[in-house]
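Peer 1: Can you read through this structure? Questions will come right after.
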Amino acid sequence: MARKRLIAGNWKMHKTDSEAGESAVNLKALLANIKDIDILICPAFTSLYSLASIFRKTSIMLGAQNMHFEKEGAFTGEISAPMLRDIGVAYVILGHSERRHIFNEDDNMINRKVTAALAAGIAPILCIGETSEQRNRNETLDVLESQLTRCLKDVSKANAKKLIIAYEPVWAIGTGKNATPEQAEDIHRFIRTIIENLYDRNTAEIIRILYGGSVKQFNAKALLDKPDIDGALVGGASLEPAVFAEIVGMARIK
Ligand code: PEP
């Protein structure tokens, strides 16, 4: 089954709103007419509104990097899914390893966020991945299975089809080390099997699985050539519009 590829840029806590606006204008010039690949930019919260206006009438979509699981309430400093949806946010990154490790988010909290995003009509990009210690102890497959099972608890089959999964080995994020295309492909196939066990074959074939972890313009093509790698979640290399556009270009050539 042909899954439309998705290249997502995670800008993390980079770029003031004026810097983000300048990058967005450049991205629009470089990528506005691309229709065969889904393109997503996830800026800081402070730039979501202005980028929604810059990307209007282009095919570039907007994602958030996090959200709270409640719709509203006394949660100082938090932002909810309906607030994001209202300004045109289509996707939200959930369970990123920086949220898990720096901000102590666990699978239970991520599950509540996944459910809340789906209820608001936002597609979650659910990040899973093992640390280097877990990898060295040969626990990778158990860790991934457990993260998926817990984060998708009580998510219906119909909703599961709207999800994106990002396999992001923690040891590869921001380190310049990345999984080889073969390692990543094996893991992506394993993730598809877990989805099949949780739901069914059809759902497993529909869900897009992105690879993330030091994806750069010089290694993206070999990763994206693999049949079960449906795109990339790009951190550092997404900050420079021309480099990000180059990676998008690589996703277009099979
Ligand atoms: C990320 O932030 O999800 C990521 C993969 O970062 P980097 O590409 O910089 O490793």
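Every chain in the structure tokens has a letter given in the order shown (A, B, ...), and although residue numbers restart at 1 in each chain, ligands are simply numbered from 1 in the order shown.
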Residues within 6 Å of ligand 1 should be enumerated using only C-alpha atoms and all ligand atoms and returned as a VMD selection string.

Peer 2: chain A and resid 10 172 to 174 212 to 215 233 to 236

Peer 1: Put those residues in a file: N, CA and C atoms, as a compact mmCIF listing (two decimals), in the first residue's frame.

Peer 2:
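Saved as part15.txt:
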# COMPACT_ATOMS: atom_id res chain seq x y z
N ASN A 10 11.03 19.68 13.39
CA ASN A 10 10.82 20.03 14.80
C ASN A 10 11.83 21.11 15.16
N ALA A 172 20.21 8.68 19.16
CA ALA A 172 20.47 9.29 17.85
C ALA A 172 19.99 10.73 17.77
N ILE A 173 19.27 11.20 18.81
CA ILE A 173 18.68 12.54 18.72
C ILE A 173 19.71 13.61 19.10
N GLY A 174 20.00 14.47 18.13
CA GLY A 174 20.90 15.59 18.36
C GLY A 174 22.34 15.17 18.61
N GLY A 212 13.37 9.32 13.11
CA GLY A 212 13.96 10.57 13.58
C GLY A 212 15.21 10.28 14.38
N GLY A 213 16.20 11.14 14.23
CA GLY A 213 17.47 10.98 14.95
C GLY A 213 18.60 11.31 14.01
N SER A 214 19.06 12.58 14.07
CA SER A 214 20.18 13.03 13.25
C SER A 214 19.98 12.76 11.76
N VAL A 215 18.74 13.01 11.29
CA VAL A 215 18.53 12.95 9.84
C VAL A 215 19.11 14.23 9.24
N LEU A 233 11.27 12.71 10.94
CA LEU A 233 11.09 13.82 11.88
C LEU A 233 12.49 14.41 12.06
N VAL A 234 12.63 15.64 11.61
CA VAL A 234 13.96 16.24 11.50
C VAL A 234 14.10 17.37 12.51
N GLY A 235 15.10 17.29 13.37
CA GLY A 235 15.34 18.34 14.35
C GLY A 235 16.31 19.38 13.81
N GLY A 236 17.58 19.26 14.19
CA GLY A 236 18.59 20.26 13.84
C GLY A 236 18.61 20.66 12.37

Peer 1: From a DSSP pass on the backbone, collect the residues of stretch 50-86 of chain A flagged as helix (DSSP H, G or I) and hand them back as a list in words.

Peer 2: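 Filtering stretch 50-86 of chain A down to helix (DSSP H, G or I) leaves Ser50, Leu51, Ala52, Ser53, Ile54, Ala81, Pro82, Met83, Leu84, Arg85 and Asp86 of chain A.
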
Peer 1: Hey, which of A:Val170, A:Ala179, A:Ile187, A:Ala222 ends up closest to A:His101? Count only C-alpha atoms.

Peer 2: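 When distances to A:His101 are compared using only C-alpha atoms, the smallest one comes from A:Val170.
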
Peer 1: Can you check which parts of stretch 65-123 of chain A lie within 9 Å of stretch 136-159 of chain A? Per residue, the shortest pair of atoms and distance in Å to one decimal, counting only C-alpha atoms, sorted by chain and number, as a tab-separated table.

Peer 2:
residue	atom	partner	partner_atom	distance
A:Gly95	CA	A:Cys151	CA	8.7
A:Asp106	CA	A:Cys151	CA	8.9
A:Asp107	CA	A:Cys151	CA	5.2
A:Asn108	CA	A:Cys151	CA	6.5
A:Met109	CA	A:Cys151	CA	8.2
A:Ile110	CA	A:Cys151	CA	5.9
A:Asn111	CA	A:Cys151	CA	4.2
A:Arg112	CA	A:Cys151	CA	8.0
A:Lys113	CA	A:Cys151	CA	8.9
A:Val114	CA	A:Cys151	CA	7.4
A:Thr115	CA	A:Val155	CA	6.7
A:Leu118	CA	A:Asn159	CA	6.8
A:Ala119	CA	A:Asn159	CA	9.0

Peer 1: Take the residues from that selection and write them out as an mmCIF file, in the first residue's frame, keeping all heavy atoms.

Peer 2:
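Now in again_26.cif:
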data_model
loop_
_atom_site.group_PDB
_atom_site.id
_atom_site.type_symbol
_atom_site.label_atom_id
_atom_site.label_comp_id
_atom_site.auth_asym_id
_atom_site.auth_seq_id
_atom_site.Cartn_x
_atom_site.Cartn_y
_atom_site.Cartn_z
ATOM 1 N N GLY A 95 5.165 12.739 23.255
ATOM 2 C CA GLY A 95 6.079 11.706 23.733
ATOM 3 C C GLY A 95 7.497 11.847 23.216
ATOM 4 O O GLY A 95 8.275 10.876 23.234
ATOM 5 N N ASP A 106 5.409 10.378 31.323
ATOM 6 C CA ASP A 106 5.417 8.905 31.216
ATOM 7 C C ASP A 106 4.358 8.458 30.203
ATOM 8 O O ASP A 106 3.587 9.258 29.677
ATOM 9 C CB ASP A 106 5.222 8.251 32.591
ATOM 10 C CG ASP A 106 3.889 8.613 33.226
ATOM 11 O OD1 ASP A 106 3.012 9.184 32.530
ATOM 12 O OD2 ASP A 106 3.727 8.321 34.419
ATOM 13 N N ASP A 107 4.341 7.140 29.957
ATOM 14 C CA ASP A 107 3.434 6.607 28.929
ATOM 15 C C ASP A 107 1.975 6.897 29.255
ATOM 16 O O ASP A 107 1.163 7.124 28.353
ATOM 17 C CB ASP A 107 3.640 5.093 28.772
ATOM 18 C CG ASP A 107 4.980 4.760 28.140
ATOM 19 O OD1 ASP A 107 5.467 5.547 27.314
ATOM 20 O OD2 ASP A 107 5.538 3.687 28.471
ATOM 21 N N ASN A 108 1.645 6.915 30.541
ATOM 22 C CA ASN A 108 0.261 7.179 30.932
ATOM 23 C C ASN A 108 -0.145 8.613 30.555
ATOM 24 O O ASN A 108 -1.205 8.848 29.983
ATOM 25 C CB ASN A 108 0.127 6.930 32.451
ATOM 26 C CG ASN A 108 -1.255 7.281 32.940
ATOM 27 O OD1 ASN A 108 -2.255 6.859 32.353
ATOM 28 N ND2 ASN A 108 -1.324 8.068 33.998
ATOM 29 N N MET A 109 0.742 9.555 30.853
ATOM 30 C CA MET A 109 0.440 10.948 30.499
ATOM 31 C C MET A 109 0.378 11.109 28.976
ATOM 32 O O MET A 109 -0.498 11.795 28.436
ATOM 33 C CB MET A 109 1.499 11.893 31.080
ATOM 34 C CG MET A 109 1.218 13.340 30.756
ATOM 35 S SD MET A 109 2.552 14.439 31.221
ATOM 36 C CE MET A 109 2.192 14.687 32.936
ATOM 37 N N ILE A 110 1.295 10.450 28.279
ATOM 38 C CA ILE A 110 1.324 10.566 26.817
ATOM 39 C C ILE A 110 0.039 9.967 26.235
ATOM 40 O O ILE A 110 -0.556 10.514 25.301
ATOM 41 C CB ILE A 110 2.600 9.898 26.250
ATOM 42 C CG1 ILE A 110 3.832 10.655 26.756
ATOM 43 C CG2 ILE A 110 2.576 9.865 24.723
ATOM 44 C CD1 ILE A 110 5.124 9.881 26.690
ATOM 45 N N ASN A 111 -0.420 8.861 26.828
ATOM 46 C CA ASN A 111 -1.684 8.249 26.389
ATOM 47 C C ASN A 111 -2.852 9.243 26.534
ATOM 48 O O ASN A 111 -3.703 9.367 25.653
ATOM 49 C CB ASN A 111 -1.933 6.977 27.208
ATOM 50 C CG ASN A 111 -3.304 6.389 26.963
ATOM 51 O OD1 ASN A 111 -4.166 6.409 27.833
ATOM 52 N ND2 ASN A 111 -3.527 5.872 25.778
ATOM 53 N N ARG A 112 -2.882 9.973 27.626
ATOM 54 C CA ARG A 112 -3.962 10.956 27.831
ATOM 55 C C ARG A 112 -3.866 12.078 26.794
ATOM 56 O O ARG A 112 -4.874 12.580 26.307
ATOM 57 C CB ARG A 112 -3.895 11.533 29.252
ATOM 58 C CG ARG A 112 -4.151 10.464 30.306
ATOM 59 C CD ARG A 112 -4.058 11.020 31.705
ATOM 60 N NE ARG A 112 -5.231 11.811 32.061
ATOM 61 C CZ ARG A 112 -5.390 12.424 33.237
ATOM 62 N NH1 ARG A 112 -4.439 12.342 34.153
ATOM 63 N NH2 ARG A 112 -6.471 13.108 33.489
ATOM 64 N N LYS A 113 -2.638 12.439 26.451
ATOM 65 C CA LYS A 113 -2.449 13.485 25.437
ATOM 66 C C LYS A 113 -2.859 12.986 24.045
ATOM 67 O O LYS A 113 -3.485 13.710 23.273
ATOM 68 C CB LYS A 113 -0.987 13.947 25.414
ATOM 69 C CG LYS A 113 -0.579 14.690 26.680
ATOM 70 C CD LYS A 113 0.829 15.247 26.563
ATOM 71 C CE LYS A 113 1.189 16.044 27.824
ATOM 72 N NZ LYS A 113 2.360 16.898 27.644
ATOM 73 N N VAL A 114 -2.501 11.737 23.735
ATOM 74 C CA VAL A 114 -2.872 11.152 22.428
ATOM 75 C C VAL A 114 -4.397 11.170 22.296
ATOM 76 O O VAL A 114 -4.952 11.598 21.270
ATOM 77 C CB VAL A 114 -2.324 9.700 22.307
ATOM 78 C CG1 VAL A 114 -2.954 8.954 21.137
ATOM 79 C CG2 VAL A 114 -0.797 9.720 22.171
ATOM 80 N N THR A 115 -5.088 10.728 23.344
ATOM 81 C CA THR A 115 -6.547 10.663 23.328
ATOM 82 C C THR A 115 -7.145 12.067 23.168
ATOM 83 O O THR A 115 -8.086 12.262 22.404
ATOM 84 C CB THR A 115 -7.032 10.025 24.661
ATOM 85 O OG1 THR A 115 -6.308 8.801 24.825
ATOM 86 C CG2 THR A 115 -8.503 9.739 24.650
ATOM 87 N N LEU A 118 -6.632 13.431 19.548
ATOM 88 C CA LEU A 118 -7.558 12.797 18.595
ATOM 89 C C LEU A 118 -8.972 13.345 18.773
ATOM 90 O O LEU A 118 -9.678 13.602 17.796
ATOM 91 C CB LEU A 118 -7.526 11.276 18.786
ATOM 92 C CG LEU A 118 -6.232 10.606 18.282
ATOM 93 C CD1 LEU A 118 -6.093 9.200 18.853
ATOM 94 C CD2 LEU A 118 -6.199 10.578 16.750
ATOM 95 N N ALA A 119 -9.372 13.545 20.014
ATOM 96 C CA ALA A 119 -10.726 14.062 20.284
ATOM 97 C C ALA A 119 -10.895 15.468 19.707
ATOM 98 O O ALA A 119 -11.995 15.860 19.324
ATOM 99 C CB ALA A 119 -10.990 14.066 21.782
#

Peer 1: Determine, counting only C-alpha atoms, which protein, DNA and RNA residues have an atom within 10 Å of an atom of A:Ile7; residues of the same chain fewer than 5 positions away are not included. Present the result as a ChimeraX atom specification.

Peer 2: /A:37-41,210-211,230-234,238,244-245,247-249,251

Peer 1: Show me, as a ChimeraX atom specification, the residues that have an atom within 8 Å of A:Leu62 when counting only C-alpha atoms, minus same-chain residues fewer than 4 positions from it.

Peer 2: /A:40-42,48,51-52,88-91

Peer 1: For the residues selected in the previous step, produce a file with C-alpha atoms as an mmCIF file, in the first residue's frame.

Peer 2:
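Output contents, as saved in out.cif:
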data_model
loop_
_atom_site.group_PDB
_atom_site.id
_atom_site.type_symbol
_atom_site.label_atom_id
_atom_site.label_comp_id
_atom_site.auth_asym_id
_atom_site.auth_seq_id
_atom_site.Cartn_x
_atom_site.Cartn_y
_atom_site.Cartn_z
ATOM 1 C CA LEU A 40 4.978 19.810 8.335
ATOM 2 C CA ILE A 41 6.669 22.493 10.415
ATOM 3 C CA CYS A 42 6.475 22.420 14.220
ATOM 4 C CA LEU A 48 2.103 28.968 15.547
ATOM 5 C CA LEU A 51 3.059 30.748 10.685
ATOM 6 C CA ALA A 52 -0.563 29.678 10.186
ATOM 7 C CA GLY A 88 -5.103 25.679 12.310
ATOM 8 C CA VAL A 89 -2.728 23.192 13.940
ATOM 9 C CA ALA A 90 -3.114 19.799 12.251
ATOM 10 C CA TYR A 91 -0.510 17.699 14.087
#

Peer 1: Write out as a ChimeraX atom specification the residues lying within 7 Å of stretch 19-25 of chain A, counting only C-alpha atoms and excluding same-chain residues fewer than 3 positions away.

Peer 2: /A:15-16,28-29,47,51,54,241

Peer 1: Atom CA of A:Leu94 and atom CA of A:Asp200, how far apart in Å?

Peer 2: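 Between atom CA of A:Asp200 and atom CA of A:Leu94 the gap is 23.0 Å.
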
Peer 1: So which one's closest to A:Ser97, A:Asp17, A:Glu130, A:Glu240, A:Asp228? Using only C-alpha atoms, please.

Peer 2: A:Glu130

Peer 1: When you count only C-alpha atoms, which of these residues is closest to A:Leu224: A:Arg201, A:Arg189, A:Lys12, A:Arg5?

Peer 2: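 Distance minimum relative to A:Leu224 lands on A:Arg5.
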
Peer 1: Write out as a short mmCIF file (atom, residue, chain, number, x, y, z; two decimals) with N, CA and C atoms, in the first residue's frame the residues lying within 7 Å of A:Cys127, counting only C-alpha atoms and excluding same-chain residues fewer than 4 positions away.

Peer 2:
data_model
loop_
_atom_site.label_atom_id
_atom_site.label_comp_id
_atom_site.auth_asym_id
_atom_site.auth_seq_id
_atom_site.Cartn_x
_atom_site.Cartn_y
_atom_site.Cartn_z
N LEU A 94 3.95 14.19 20.25
CA LEU A 94 3.71 13.76 21.63
C LEU A 94 4.71 12.67 22.02
N GLY A 95 5.17 12.74 23.26
CA GLY A 95 6.08 11.71 23.73
C GLY A 95 7.50 11.85 23.22
N HIS A 96 7.86 13.05 22.76
CA HIS A 96 9.24 13.25 22.32
C HIS A 96 10.18 12.90 23.48
N ILE A 165 3.49 7.51 13.74
CA ILE A 165 4.45 7.07 14.75
C ILE A 165 5.84 7.52 14.31
N ALA A 166 6.61 8.02 15.26
CA ALA A 166 8.00 8.37 14.93
C ALA A 166 8.91 7.48 15.76
N TYR A 167 9.72 6.68 15.08
CA TYR A 167 10.75 5.91 15.79
C TYR A 167 11.96 6.81 15.92
N GLU A 168 12.27 7.18 17.17
CA GLU A 168 13.39 8.07 17.43
C GLU A 168 14.29 7.45 18.50
#

Peer 1: DSSP says strand (DSSP E or B) for which residues of stretch 34-234 of chain A? Put them as a PyMOL selection string?

Peer 2: chain A and resi 38-42+60-64+68+80+91-94+123-128+164-167+208-212+231-234

Peer 1: Based on the selection just made, write C-alpha atoms of those residues as a PDB file, in the first residue's frame.

Peer 2:
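Resulting contents of selection06.pdb:
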ATOM      1  CA  ASP A  38       3.219  15.993   3.214  1.00  0.00           C
ATOM      2  CA  ILE A  39       5.348  18.763   4.731  1.00  0.00           C
ATOM      3  CA  LEU A  40       4.978  19.810   8.335  1.00  0.00           C
ATOM      4  CA  ILE A  41       6.669  22.493  10.415  1.00  0.00           C
ATOM      5  CA  CYS A  42       6.475  22.420  14.220  1.00  0.00           C
ATOM      6  CA  ILE A  60       2.815  23.258   4.232  1.00  0.00           C
ATOM      7  CA  MET A  61       1.087  22.130   7.420  1.00  0.00           C
ATOM      8  CA  LEU A  62       1.538  23.265  10.979  1.00  0.00           C
ATOM      9  CA  GLY A  63       2.260  21.156  14.040  1.00  0.00           C
ATOM     10  CA  ALA A  64       2.753  21.819  17.741  1.00  0.00           C
ATOM     11  CA  HIS A  68      -1.860  19.439  27.752  1.00  0.00           C
ATOM     12  CA  SER A  80      -4.815  22.616  25.099  1.00  0.00           C
ATOM     13  CA  TYR A  91      -0.510  17.699  14.087  1.00  0.00           C
ATOM     14  CA  VAL A  92       1.114  17.540  17.507  1.00  0.00           C
ATOM     15  CA  ILE A  93       4.358  15.831  18.509  1.00  0.00           C
ATOM     16  CA  LEU A  94       3.708  13.762  21.634  1.00  0.00           C
ATOM     17  CA  ALA A 123      -3.188  13.956  14.494  1.00  0.00           C
ATOM     18  CA  PRO A 124      -0.633  12.883  17.103  1.00  0.00           C
ATOM     19  CA  ILE A 125       2.933  12.138  16.040  1.00  0.00           C
ATOM     20  CA  LEU A 126       3.687   9.619  18.744  1.00  0.00           C
ATOM     21  CA  CYS A 127       7.428   9.347  19.433  1.00  0.00           C
ATOM     22  CA  ILE A 128       8.902   6.132  20.777  1.00  0.00           C
ATOM     23  CA  ILE A 164       1.729   8.953  12.899  1.00  0.00           C
ATOM     24  CA  ILE A 165       4.446   7.070  14.753  1.00  0.00           C
ATOM     25  CA  ALA A 166       7.998   8.368  14.930  1.00  0.00           C
ATOM     26  CA  TYR A 167      10.747   5.911  15.787  1.00  0.00           C
ATOM     27  CA  ARG A 208       2.919   6.128   8.654  1.00  0.00           C
ATOM     28  CA  ILE A 209       6.108   5.476  10.593  1.00  0.00           C
ATOM     29  CA  LEU A 210       8.732   8.232  10.498  1.00  0.00           C
ATOM     30  CA  TYR A 211      12.366   7.871  11.430  1.00  0.00           C
ATOM     31  CA  GLY A 212      13.959  10.566  13.581  1.00  0.00           C
ATOM     32  CA  GLY A 231       9.224   9.924   6.223  1.00  0.00           C
ATOM     33  CA  ALA A 232      11.364  11.708   8.762  1.00  0.00           C
ATOM     34  CA  LEU A 233      11.091  13.817  11.885  1.00  0.00           C
ATOM     35  CA  VAL A 234      13.964  16.244  11.496  1.00  0.00           C
TER      36      VAL A 234
END
